[in-house]
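Q: My file is data_4.cif. It has mmCIF, C-alpha atoms:
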```cif
data_run
#
loop_
_atom_site.label_atom_id
_atom_site.label_comp_id
_atom_site.auth_asym_id
_atom_site.auth_seq_id
_atom_site.Cartn_x
_atom_site.Cartn_y
_atom_site.Cartn_z
CA MET P 24 0.00 0.00 0.00
CA ARG P 25 2.81 2.44 0.86
CA ILE P 26 4.63 1.74 -2.39
CA ARG P 27 1.46 2.30 -4.39
CA PHE P 28 0.83 5.60 -2.61
CA GLU P 29 4.37 6.89 -3.27
CA ILE P 30 4.19 5.99 -6.97
CA SER P 31 0.82 7.73 -7.28
CA PHE P 32 2.25 10.80 -5.59
CA LEU P 33 5.11 10.97 -8.13
CA VAL P 34 2.62 10.64 -11.00
CA LEU P 35 0.62 13.55 -9.59
CA VAL P 36 3.79 15.65 -9.34
CA VAL P 37 4.61 14.98 -13.01
CA LEU P 38 1.06 15.87 -14.11
CA TRP P 39 1.03 19.03 -12.00
CA LEU P 40 4.33 20.19 -13.49
CA ALA P 41 3.08 19.49 -17.02
CA PHE P 42 -0.09 21.55 -16.49
CA ALA P 43 1.99 24.35 -14.93
CA ASP P 44 4.11 24.46 -18.09
CA LEU P 45 1.04 24.75 -20.31
CA ALA P 46 -0.47 27.46 -18.15
CA CYS P 47 2.67 29.58 -18.32
CA GLY P 48 3.30 28.89 -21.99
CA GLN P 49 6.96 28.02 -21.25
CA PRO P 50 8.99 25.32 -19.48
CA ALA P 51 9.05 25.60 -15.70
CA THR P 52 12.36 26.30 -13.98
CA LYS P 53 14.20 23.12 -13.05
CA ARG P 54 14.24 22.60 -9.28
CA ARG P 55 15.20 20.04 -6.68
CA MET P 56 12.73 18.55 -4.23
CA VAL P 57 14.04 16.77 -1.15
CA TYR P 58 12.21 13.73 0.23
CA LEU P 59 13.42 12.46 3.58
CA GLU P 60 12.61 8.86 4.50
CA VAL P 61 13.45 7.86 8.07
CA SER P 62 13.38 4.35 9.49
CA ALA P 63 13.49 3.24 13.12
CA ASP P 64 14.21 -0.24 14.46
CA SER P 65 11.06 -1.98 15.70
CA ARG P 66 12.90 -2.50 18.99
CA ALA P 67 13.31 1.25 19.57
CA PRO P 68 11.51 2.71 22.61
CA VAL P 69 7.84 3.56 22.11
CA GLY P 70 7.40 7.06 20.72
CA THR P 71 10.96 7.33 19.32
CA GLN P 72 9.97 7.43 15.68
CA GLN P 73 6.99 9.69 16.34
CA ASN P 74 9.17 12.21 18.18
CA TRP P 75 11.73 12.24 15.38
CA LEU P 76 9.03 12.53 12.74
CA GLN P 77 7.53 15.54 14.51
CA MET P 78 10.91 17.27 14.72
CA LEU P 79 11.74 16.51 11.10
CA GLN P 80 8.67 18.32 9.82
CA ASN P 81 10.67 21.54 10.26
CA VAL P 82 14.01 20.68 8.60
CA GLY P 83 13.13 21.97 5.15
CA ALA P 84 12.28 18.70 3.40
CA ASP P 85 9.48 18.81 0.85
CA LYS P 86 8.20 15.50 2.16
CA VAL P 87 9.03 13.39 5.22
CA LEU P 88 8.22 9.67 5.18
CA SER P 89 8.70 7.10 7.93
CA LYS P 90 8.73 3.34 8.19
CA THR P 91 9.92 0.62 10.51
CA ALA P 92 13.00 -1.31 9.46
CA ARG P 93 16.24 -2.62 10.86
CA PRO P 94 19.07 -0.08 10.65
CA GLY P 95 20.87 -0.12 7.31
CA THR P 96 23.22 2.15 5.43
CA PRO P 97 22.08 5.75 4.90
CA ALA P 98 21.60 6.43 1.22
CA ILE P 99 20.70 9.10 -1.27
CA GLU P 100 19.48 8.92 -4.85
CA GLU P 101 18.22 11.37 -7.43
CA ASN P 102 15.31 10.79 -9.81
CA GLN P 103 14.78 13.09 -12.76
CA LEU P 104 11.26 14.21 -13.57
CA SER P 105 10.21 16.48 -16.42
CA ASN P 106 11.07 19.76 -14.74
CA SER P 107 12.43 18.79 -11.35
CA THR P 108 14.77 16.41 -9.57
CA ILE P 109 13.62 14.35 -6.63
CA VAL P 110 16.45 13.93 -4.11
CA ARG P 111 15.43 10.97 -1.96
CA VAL P 112 17.39 10.80 1.32
CA THR P 113 17.17 7.66 3.44
CA GLY P 114 18.21 7.78 7.10
CA TYR P 115 18.09 5.47 10.10
CA ILE P 116 17.44 6.18 13.76
CA VAL P 117 20.04 4.34 15.82
CA GLY P 118 19.91 4.93 19.58
CA ASN P 119 19.50 8.69 19.96
CA GLN P 120 21.10 9.52 16.60
CA LEU P 121 19.71 9.96 13.11
CA LYS P 122 22.20 8.54 10.60
CA LEU P 123 22.06 10.37 7.27
CA PRO P 124 24.37 10.44 4.26
CA GLY P 125 26.91 13.02 5.30
CA GLY P 126 26.61 12.80 9.09
CA SER P 127 24.88 11.76 12.29
CA PHE P 128 22.56 14.11 14.16
CA SER P 129 20.90 14.27 17.56
CA MET P 130 17.30 15.26 18.15
CA GLY P 131 18.45 18.74 19.14
CA ASP P 132 20.44 19.36 15.96
CA GLN P 133 17.56 20.43 13.78
CA ALA P 134 19.71 23.21 12.27
CA GLY P 135 22.40 20.73 11.22
CA ILE P 136 19.88 18.49 9.47
CA ARG P 137 18.31 21.49 7.77
CA ALA P 138 21.73 22.68 6.53
CA LEU P 139 22.56 19.23 5.13
CA LEU P 140 19.26 18.91 3.30
CA GLN P 141 19.72 22.40 1.88
CA LYS P 142 23.09 21.32 0.48
CA PHE P 143 21.37 18.39 -1.21
CA ARG P 144 18.75 20.76 -2.60
CA ASP P 145 21.25 23.36 -3.82
CA ASP P 146 24.06 21.18 -5.15
CA GLY P 147 22.77 17.64 -5.46
CA ALA P 148 24.19 14.56 -3.79
CA LYS P 149 27.31 14.25 -5.93
CA VAL P 150 28.68 17.69 -5.11
CA ALA P 151 27.30 17.96 -1.57
CA LEU P 152 28.92 14.71 -0.41
CA ALA P 153 32.15 14.94 -2.40
CA GLU P 154 35.37 15.69 -0.51
CA LYS P 155 36.33 19.31 -0.95
CA LYS P 156 39.87 20.09 -2.06
CA ALA P 157 41.61 23.40 -2.75
CA PHE P 158 39.37 26.49 -2.79
CA GLY P 159 36.52 24.39 -1.39
CA LEU P 160 36.05 22.71 -4.79
CA THR P 161 35.57 19.04 -5.53
CA SER P 162 38.19 17.16 -7.53
CA GLU P 163 35.96 17.27 -10.59
CA GLN P 164 35.42 21.02 -10.26
CA LEU P 165 39.17 21.58 -9.91
CA VAL P 166 39.84 19.53 -13.04
CA ASP P 167 37.28 21.61 -14.95
CA LEU P 168 38.82 24.88 -13.74
CA HIS P 169 42.33 23.64 -14.55
CA ALA P 170 41.18 22.87 -18.09
CA ILE P 171 39.78 26.39 -18.50
CA PHE P 172 42.94 27.97 -17.10
CA SER P 173 45.08 25.79 -19.39
CA LYS P 174 44.16 27.78 -22.49
CA PRO P 175 47.31 29.57 -23.69
CA VAL P 176 47.71 33.32 -24.01
CA GLU P 177 47.64 33.91 -27.75
CA PHE P 178 49.01 37.46 -27.96
CA SER P 179 52.04 39.41 -26.84
CA THR P 180 51.61 41.01 -23.41
CA VAL P 181 54.79 42.94 -22.69
CA GLY P 182 54.14 46.67 -22.43
CA LEU P 183 50.34 46.34 -22.55
CA ASN P 184 48.01 47.80 -19.92
CA ALA P 185 47.51 45.20 -17.19
CA GLY P 186 43.79 45.91 -16.75
CA ASP P 187 43.10 45.54 -20.47
CA VAL P 188 44.88 42.20 -20.63
CA ILE P 189 43.16 40.90 -17.49
CA GLY P 190 39.77 41.73 -18.96
CA LYS P 191 40.61 40.10 -22.29
CA LEU P 192 41.86 36.89 -20.66
CA PHE P 193 38.84 36.56 -18.40
CA ARG P 194 36.52 37.01 -21.36
CA GLN P 195 38.26 34.04 -22.96
CA THR P 196 37.59 31.88 -19.90
CA GLY P 197 33.87 32.65 -19.80
CA LEU P 198 34.05 32.76 -16.00
CA LYS P 199 32.30 35.36 -13.88
CA VAL P 200 34.78 37.74 -12.25
CA ILE P 201 34.23 39.65 -8.99
CA LEU P 202 36.60 42.50 -8.03
CA ASP P 203 37.03 43.89 -4.53
CA PRO P 204 37.76 47.64 -4.16
CA THR P 205 41.55 47.12 -4.21
CA ALA P 206 41.41 45.04 -7.38
CA ARG P 207 38.98 47.42 -9.07
CA ALA P 208 41.30 50.37 -8.44
CA ALA P 209 44.36 48.37 -9.52
CA VAL P 210 42.99 47.18 -12.87
CA SER P 211 41.75 50.71 -13.63
CA GLY P 212 45.27 52.09 -13.35
CA GLU P 213 48.06 52.57 -15.87
CA GLU P 214 50.25 49.62 -14.78
CA LYS P 215 52.04 47.98 -17.71
CA ILE P 216 52.96 44.31 -17.99
CA ALA P 217 56.73 43.83 -17.79
CA ASP P 218 56.85 40.15 -18.84
CA GLU P 219 56.13 38.42 -22.12
CA LEU P 220 53.40 35.89 -21.31
CA LYS P 221 52.46 34.79 -24.81
CA GLY P 222 52.20 30.98 -24.91
CA ILE P 223 51.83 30.65 -21.13
CA SER P 224 48.54 29.27 -19.80
CA ILE P 225 45.89 31.79 -18.80
CA GLY P 226 45.82 30.68 -15.14
CA THR P 227 49.54 31.25 -14.60
CA ALA P 228 49.49 34.43 -16.70
CA LEU P 229 46.64 35.98 -14.72
CA ALA P 230 48.33 35.19 -11.41
CA ALA P 231 51.57 36.75 -12.66
CA ILE P 232 49.87 39.88 -14.03
CA VAL P 233 47.90 40.72 -10.88
CA ARG P 234 50.72 40.08 -8.40
CA PRO P 235 52.54 43.40 -9.04
CA LEU P 236 49.17 45.10 -8.48
CA GLY P 237 48.94 43.69 -4.96
CA VAL P 238 46.06 41.48 -6.09
CA VAL P 239 45.52 37.71 -6.21
CA VAL P 240 43.26 35.33 -8.12
CA GLU P 241 40.94 33.32 -5.85
CA PRO P 242 38.39 30.83 -7.23
CA LYS P 243 35.23 30.67 -5.13
CA ARG P 244 31.97 28.78 -5.33
CA GLU P 245 29.10 29.45 -3.00
CA GLN P 246 26.58 26.72 -2.26
CA GLY P 247 24.06 26.38 -5.07
CA LYS P 248 25.91 28.82 -7.33
CA SER P 249 28.32 28.64 -10.24
CA LEU P 250 32.07 29.04 -9.89
CA GLU P 251 33.31 32.63 -9.70
CA ILE P 252 36.81 34.08 -9.86
CA HIS P 253 37.53 36.79 -7.32
CA LEU P 254 40.30 39.34 -7.70
CA LEU P 255 41.09 40.72 -4.28
CA ASP P 256 43.70 42.39 -2.12
CA SER P 257 46.50 39.88 -1.50
CA ARG P 258 46.42 40.70 2.21
CA SER P 259 42.84 39.47 2.56
CA SER P 260 43.26 36.16 0.76
CA GLU P 261 44.08 32.89 2.47
CA GLU P 262 44.30 30.75 -0.67
CA ASN P 263 44.93 31.90 -4.22
CA TRP P 264 45.77 30.55 -7.67
CA PRO P 265 49.56 30.26 -7.91
CA ILE P 266 52.01 31.59 -10.44
CA GLY P 267 52.78 28.16 -11.81
CA TRP P 268 53.18 24.83 -10.07
CA PRO P 269 56.10 22.82 -8.64
CA ILE P 270 57.67 20.37 -11.04
CA ASP P 271 56.87 16.71 -10.42
CA ARG P 272 59.95 15.27 -12.15
CA PRO P 273 63.71 15.90 -12.14
CA PRO P 274 64.65 19.42 -13.28
CA VAL P 275 66.62 18.10 -16.26
CA ALA P 276 63.49 16.31 -17.47
CA ALA P 277 61.23 19.31 -16.89
CA ALA P 278 63.48 21.88 -18.60
CA PRO P 279 66.34 20.07 -20.42
CA THR P 280 67.60 23.11 -22.36
CA LEU P 281 68.51 24.82 -19.08
CA PHE P 282 71.19 22.17 -18.69
CA ASP P 283 72.84 22.84 -22.04
CA GLN P 284 76.50 23.80 -21.53
CA ILE P 285 78.10 26.76 -23.24
CA PRO P 286 81.22 28.92 -22.81
CA ILE P 287 80.55 32.25 -21.09
CA GLU P 288 82.77 35.29 -20.75
CA ILE P 289 81.05 38.37 -19.35
CA ARG P 290 82.67 41.08 -17.31
CA ASN P 291 80.80 43.81 -15.48
CA PHE P 292 77.60 43.33 -17.48
CA PRO P 293 74.12 44.43 -16.29
CA LEU P 294 72.31 41.48 -14.74
CA ASP P 295 69.10 42.02 -16.72
CA SER P 296 71.00 41.80 -20.02
CA VAL P 297 72.75 38.59 -18.94
CA LEU P 298 69.47 36.97 -17.90
CA ASP P 299 67.80 38.02 -21.15
CA ALA P 300 70.62 36.39 -23.14
CA ILE P 301 70.38 33.13 -21.15
CA GLU P 302 66.59 33.13 -21.48
CA LYS P 303 66.81 33.40 -25.26
CA LYS P 304 69.48 30.72 -25.44
CA SER P 305 67.46 28.24 -23.36
CA GLY P 306 64.04 28.99 -24.82
CA VAL P 307 62.60 28.80 -21.30
CA PRO P 308 60.69 31.94 -20.22
CA PHE P 309 61.99 33.85 -17.20
CA PHE P 310 59.43 35.60 -14.98
CA TYR P 311 60.34 37.98 -12.18
CA ASP P 312 58.89 38.63 -8.73
CA HIS P 313 58.51 42.37 -9.30
CA ASN P 314 56.75 42.86 -5.96
CA THR P 315 59.65 41.47 -3.97
CA PHE P 316 62.18 43.31 -6.12
CA ALA P 317 60.44 46.61 -5.37
CA ARG P 318 60.27 45.94 -1.63
CA ASN P 319 63.99 45.14 -1.51
CA GLY P 320 65.16 47.87 -3.86
CA VAL P 321 66.41 45.45 -6.53
CA GLU P 322 67.06 46.97 -9.97
CA LEU P 323 68.44 44.29 -12.27
CA SER P 324 69.82 46.83 -14.73
CA GLU P 325 71.95 48.37 -11.97
CA VAL P 326 73.50 45.09 -10.81
CA LYS P 327 76.79 44.38 -12.60
CA VAL P 328 77.93 40.77 -12.83
CA THR P 329 80.97 38.88 -14.04
CA LEU P 330 81.15 35.25 -15.11
CA VAL P 331 83.96 33.56 -17.03
CA GLU P 332 83.59 29.83 -17.70
CA LYS P 333 84.97 27.60 -20.47
CA LYS P 334 81.80 25.52 -20.27
CA VAL P 335 78.90 25.90 -17.88
CA ALA P 336 75.26 24.76 -17.77
CA LEU P 337 72.84 27.60 -18.39
CA LEU P 338 71.05 27.00 -15.09
CA VAL P 339 74.36 27.07 -13.22
CA ALA P 340 75.19 30.36 -14.94
CA VAL P 341 71.83 31.76 -13.79
CA SER P 342 72.57 30.72 -10.23
CA ARG P 343 76.03 32.28 -10.22
CA VAL P 344 74.97 35.65 -11.59
CA LEU P 345 71.95 35.84 -9.27
CA ASN P 346 74.30 35.27 -6.32
CA GLN P 347 76.18 38.45 -7.26
CA SER P 348 73.16 40.62 -6.51
CA GLU P 349 72.69 42.26 -3.11
CA PRO P 350 70.38 41.07 -1.72
CA GLY P 351 70.97 37.70 -3.33
CA LEU P 352 68.38 36.36 -5.76
CA SER P 353 67.09 32.83 -6.24
CA TYR P 354 65.35 30.86 -8.97
CA GLU P 355 62.78 28.08 -9.09
CA ILE P 356 61.74 25.94 -12.04
CA ARG P 357 57.95 25.90 -12.24
CA VAL P 358 55.42 24.76 -14.83
CA ASP P 359 52.17 26.30 -16.01
CA GLU P 360 48.83 24.45 -16.33
CA ASN P 361 50.10 22.81 -19.54
CA ALA P 362 53.34 21.64 -17.90
CA ARG P 363 55.32 24.24 -19.84
CA PRO P 364 58.42 25.13 -17.76
CA PHE P 365 59.50 28.61 -16.80
CA LEU P 366 62.00 30.10 -14.38
CA TRP P 367 60.61 32.12 -11.46
CA ILE P 368 63.20 34.57 -10.12
CA SER P 369 62.78 36.23 -6.74
CA VAL P 370 64.71 37.56 -3.75
CA ARG P 371 66.34 34.84 -1.71
#
```
Let me see the file written as structure tokens.
A:
Amino acid sequence: MRIRFEISFLVLVVLWLAFADLACGQPATKRRMVYLEVSADSRAPVGTQQNWLQMLQNVGADKVLSKTARPGTPAIEENQLSNSTIVRVTGYIVGNQLKLPGGSFSMGDQAGIRALLQKFRDDGAKVALAEKKAFGLTSEQLVDLHAIFSKPVEFSTVGLNAGDVIGKLFRQTGLKVILDPTARAAVSGEEKIADELKGISIGTALAAIVRPLGVVVEPKREQGKSLEIHLLDSRSSEENWPIGWPIDRPPVAAAPTLFDQIPIEIRNFPLDSVLDAIEKKSGVPFFYDHNTFARNGVELSEVKVTLVEKKVALLVAVSRVLNQSEPGLSYEIRVDENARPFLWISVR
């Protein structure tokens, strides 16, 4: 009898939605409806299930069902109707706890149950129950974002207005962008891009462009909403998209041309000119931590270096000339979202 009633109820829902569509002259907005089915062991104290059922009427479920059954495994499933999704949540009362997919709750934790069911309504079971990784995103969401940020920059950037390039790159991603007051002021300024980022992935390029502006890129997704990219003051961000990623293989495998050996004889040359020459020889882009340089008063063109070697690896040459700066500089081999290597140069 119960099964027949539930099937009839679903049929009525489908018919009601169909008539609503005809009345409006257009498809109804897709929505999620949450059904909560709670079971209690027949050996539970008298009144247990009734008390729980009364409390659960106010947790935000569209329908609350109850039955008597031995405790099993909490479950959740989604059934697609014409213009809605039924999220059916099955829970079990064990002792003084209600076991649901995603947690156990006491009779007094009505707010916790309501919050969980709202997650199921907003995001669906797959997202709501998935383990959250960086930026509060699921693994699948991170993979999708990585793919979007992997698109290469297809135009020359050096000397262009930073705000113009940021806007152009974000338009290519199709992602919604939110700017805090610091970021809005920064991208409206006259700051020019000092590095050539053509060919580098958009994610790494964006992070590199906004850093000298005192701004960072932070992906965010609020419950029930689409992913957004926030540009905000670096001092107010706890987690942001990095300027490249650590290499996951030996340096010689990640950037083999940096290990080519050549004779070098330079005496009292400007450091920026030496680095430019090595960059061109290796074919590996060099990017600079302009923020840190400015804070420490580093002007590469004013640092004079000397290096005389019959044969030296390019990366060793980089290390030796960087050591002649005061304060000393350091390098790190990183890769962009497409595993393209570059050299990140900063203050030691």
Q: Would you be able to write out as a VMD selection string which residues have an atom within 12 Å of (35.2, 18.1, -6.3) in the file's coordinates, counting all atoms listed in the file?
A: chain P and resid 146 148 to 168 244 250
Q: Write out as an mmCIF file with C-alpha atoms, in the coordinates of the input the residues lying within 7 Å of stretch 345-350 of chain P, counting all atoms listed in the file and excluding same-chain residues fewer than 4 positions away.
A:
```cif
data_model
loop_
_atom_site.group_PDB
_atom_site.id
_atom_site.type_symbol
_atom_site.label_atom_id
_atom_site.label_comp_id
_atom_site.auth_asym_id
_atom_site.auth_seq_id
_atom_site.Cartn_x
_atom_site.Cartn_y
_atom_site.Cartn_z
ATOM 1 C CA VAL P 326 73.500 45.090 -10.810
ATOM 2 C CA VAL P 328 77.930 40.770 -12.830
ATOM 3 C CA VAL P 341 71.830 31.760 -13.790
ATOM 4 C CA VAL P 370 64.710 37.560 -3.750
#
```
Q: To one decimal in Å, tell me the separation between atom CA of P:Glu214 and atom CA of P:Asn184.
A: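 Taking atom CA of P:Glu214 and atom CA of P:Asn184, their separation equals 5.9 Å.
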Q: May I ask which of the residues P:Lys122, P:Arg144, P:Asn361, P:Leu88 is the closest one to P:Thr108, counting all atoms listed in the file?
A: P:Arg144
Q: To test your reading of the syntax: which residues would the PyMOL selection byres ((chain P and resi 335) around 8) return for the file shown? Reply as JSON, numbers by chain.
A: {"P": [283, 284, 285, 286, 287, 332, 333, 334, 336, 337, 339, 340]}
Q: Tell me which residues the PyMOL selection byres ((chain P and resi 233) around 9) grabs here, as a PDB file with C-alpha atoms, in the coordinates of the input.
A:
```
ATOM      1  CA  ALA P 185      47.510  45.200 -17.190  1.00  0.00           C
ATOM      2  CA  GLY P 186      43.790  45.910 -16.750  1.00  0.00           C
ATOM      3  CA  ILE P 189      43.160  40.900 -17.490  1.00  0.00           C
ATOM      4  CA  ALA P 206      41.410  45.040  -7.380  1.00  0.00           C
ATOM      5  CA  ALA P 209      44.360  48.370  -9.520  1.00  0.00           C
ATOM      6  CA  VAL P 210      42.990  47.180 -12.870  1.00  0.00           C
ATOM      7  CA  ALA P 228      49.490  34.430 -16.700  1.00  0.00           C
ATOM      8  CA  LEU P 229      46.640  35.980 -14.720  1.00  0.00           C
ATOM      9  CA  ALA P 230      48.330  35.190 -11.410  1.00  0.00           C
ATOM     10  CA  ALA P 231      51.570  36.750 -12.660  1.00  0.00           C
ATOM     11  CA  ILE P 232      49.870  39.880 -14.030  1.00  0.00           C
ATOM     12  CA  ARG P 234      50.720  40.080  -8.400  1.00  0.00           C
ATOM     13  CA  PRO P 235      52.540  43.400  -9.040  1.00  0.00           C
ATOM     14  CA  LEU P 236      49.170  45.100  -8.480  1.00  0.00           C
ATOM     15  CA  GLY P 237      48.940  43.690  -4.960  1.00  0.00           C
ATOM     16  CA  VAL P 238      46.060  41.480  -6.090  1.00  0.00           C
ATOM     17  CA  VAL P 239      45.520  37.710  -6.210  1.00  0.00           C
ATOM     18  CA  VAL P 240      43.260  35.330  -8.120  1.00  0.00           C
ATOM     19  CA  LEU P 254      40.300  39.340  -7.700  1.00  0.00           C
TER      20      LEU P 254
END
```
Q: Quick one: everything within 6 Å of P:Leu123, counting only C-alpha atoms, minus sequence neighbours fewer than 3 positions away in the same chain. Send it as number ranges by chain.
A: P: 97, 114, 126-127
Q: What lies within 9 Å of P:Glu177 using all atoms listed in the file, ignoring chain neighbours under 2 positions off, as an NGL selection string?
A: :P and (174-175 or 179 or 220-223)
Q: Next, dump the selected residues to file, keeping only C-alpha atoms, as a PDB file, in the frame of the given file.
A:
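The file below, out_8.pdb, is the result:
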```pdb
ATOM      1  CA  LYS P 174      44.160  27.780 -22.490  1.00  0.00           C
ATOM      2  CA  PRO P 175      47.310  29.570 -23.690  1.00  0.00           C
ATOM      3  CA  SER P 179      52.040  39.410 -26.840  1.00  0.00           C
ATOM      4  CA  LEU P 220      53.400  35.890 -21.310  1.00  0.00           C
ATOM      5  CA  LYS P 221      52.460  34.790 -24.810  1.00  0.00           C
ATOM      6  CA  GLY P 222      52.200  30.980 -24.910  1.00  0.00           C
ATOM      7  CA  ILE P 223      51.830  30.650 -21.130  1.00  0.00           C
TER       8      ILE P 223
END
```
Q: Which of these residues is nearest to P:Ser89, using only C-alpha atoms: P:Ser65, P:Glu60, P:Ala134, P:Trp367?
A: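 Counting only C-alpha atoms, the residue closest to P:Ser89 is P:Glu60.
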Q: Determine the nearest neighbour of P:Phe365 from the options P:Val344, P:Ile270, P:Val297, P:Leu121, counting only C-alpha atoms.
A: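 Of the candidates, the smallest distance to P:Phe365 is held by P:Ile270.
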Q: Can you work out the spacing between atom CA of P:Met56 and atom CA of P:Gln133 in Å, to one decimal?
A: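 For atom CA of P:Met56 relative to atom CA of P:Gln133, the distance reads 18.7 Å.
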Q: Please, what distance in Å, to one decimal, runs between atom CA of P:Asn263 and atom CA of P:Gly351?
A: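 Straight-line distance from atom CA of P:Asn263 to atom CA of P:Gly351 works out to 26.7 Å.
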Q: List as a PyMOL selection string the protein and nucleic acid residues near P:Pro242, meaning an atom at most 7 Å away when only C-alpha atoms are counted, but skip any in the same chain fewer than 4 places from it.
A: chain P and resi 158+251-253
Q: Check the smallest atom-to-atom distance from each of P:Arg93, P:Ser259, P:Tyr311, P:Leu183 to P:Asp299 using all atoms listed in the file, then report the winner.
A: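 Of P:Arg93, P:Ser259, P:Tyr311, P:Leu183, the one nearest P:Asp299, counting all atoms listed in the file, is P:Tyr311.
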Q: Counting all atoms listed in the file, figure out which residue out of P:Trp75, P:Trp268, P:Phe316, P:Tyr115 gets nearest to P:Glu355.
A: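 Checking each of P:Trp75, P:Trp268, P:Phe316, P:Tyr115 against P:Glu355, counting all atoms listed in the file, the winner is P:Trp268.
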Q: Would you list the contacts of P:Leu59 as a PyMOL selection string, taking every protein, DNA or RNA residue within 12 Å and counting all atoms listed in the file, but skipping same-chain residues closer than 6 positions in sequence?
A: chain P and resi 75-76+79-90+97-100+109-115+121-124+136-137+139-141+143-144
Q: On this file, the PyMOL selection byres ((chain P and resi 315) around 10) gives some set of residues; write that set as a PyMOL selection string.
A: chain P and resi 235+311-314+316-321+368-371
Q: Please tell me which residues are no farther than 8 Å from (50.7, 25.7, -14.1) in the file, counting all atoms listed in the file, and write them as a compact mmCIF listing (two decimals) with C-alpha atoms, keeping the file's coordinate frame.
A:
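Dumped everything to point.txt:
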```txt
# COMPACT_ATOMS: atom_id res chain seq x y z
CA SER P 173 45.08 25.79 -19.39
CA SER P 224 48.54 29.27 -19.80
CA GLY P 226 45.82 30.68 -15.14
CA THR P 227 49.54 31.25 -14.60
CA PRO P 265 49.56 30.26 -7.91
CA ILE P 266 52.01 31.59 -10.44
CA GLY P 267 52.78 28.16 -11.81
CA TRP P 268 53.18 24.83 -10.07
CA ARG P 357 57.95 25.90 -12.24
CA VAL P 358 55.42 24.76 -14.83
CA ASP P 359 52.17 26.30 -16.01
CA GLU P 360 48.83 24.45 -16.33
CA ASN P 361 50.10 22.81 -19.54
CA ALA P 362 53.34 21.64 -17.90
CA ARG P 363 55.32 24.24 -19.84
```
Q: Here is a test: counting all atoms listed in the file, which residue of P:Gly70, P:Gly131, P:Gly147, P:Gly118 is nearest to P:Gln103?
A: P:Gly147
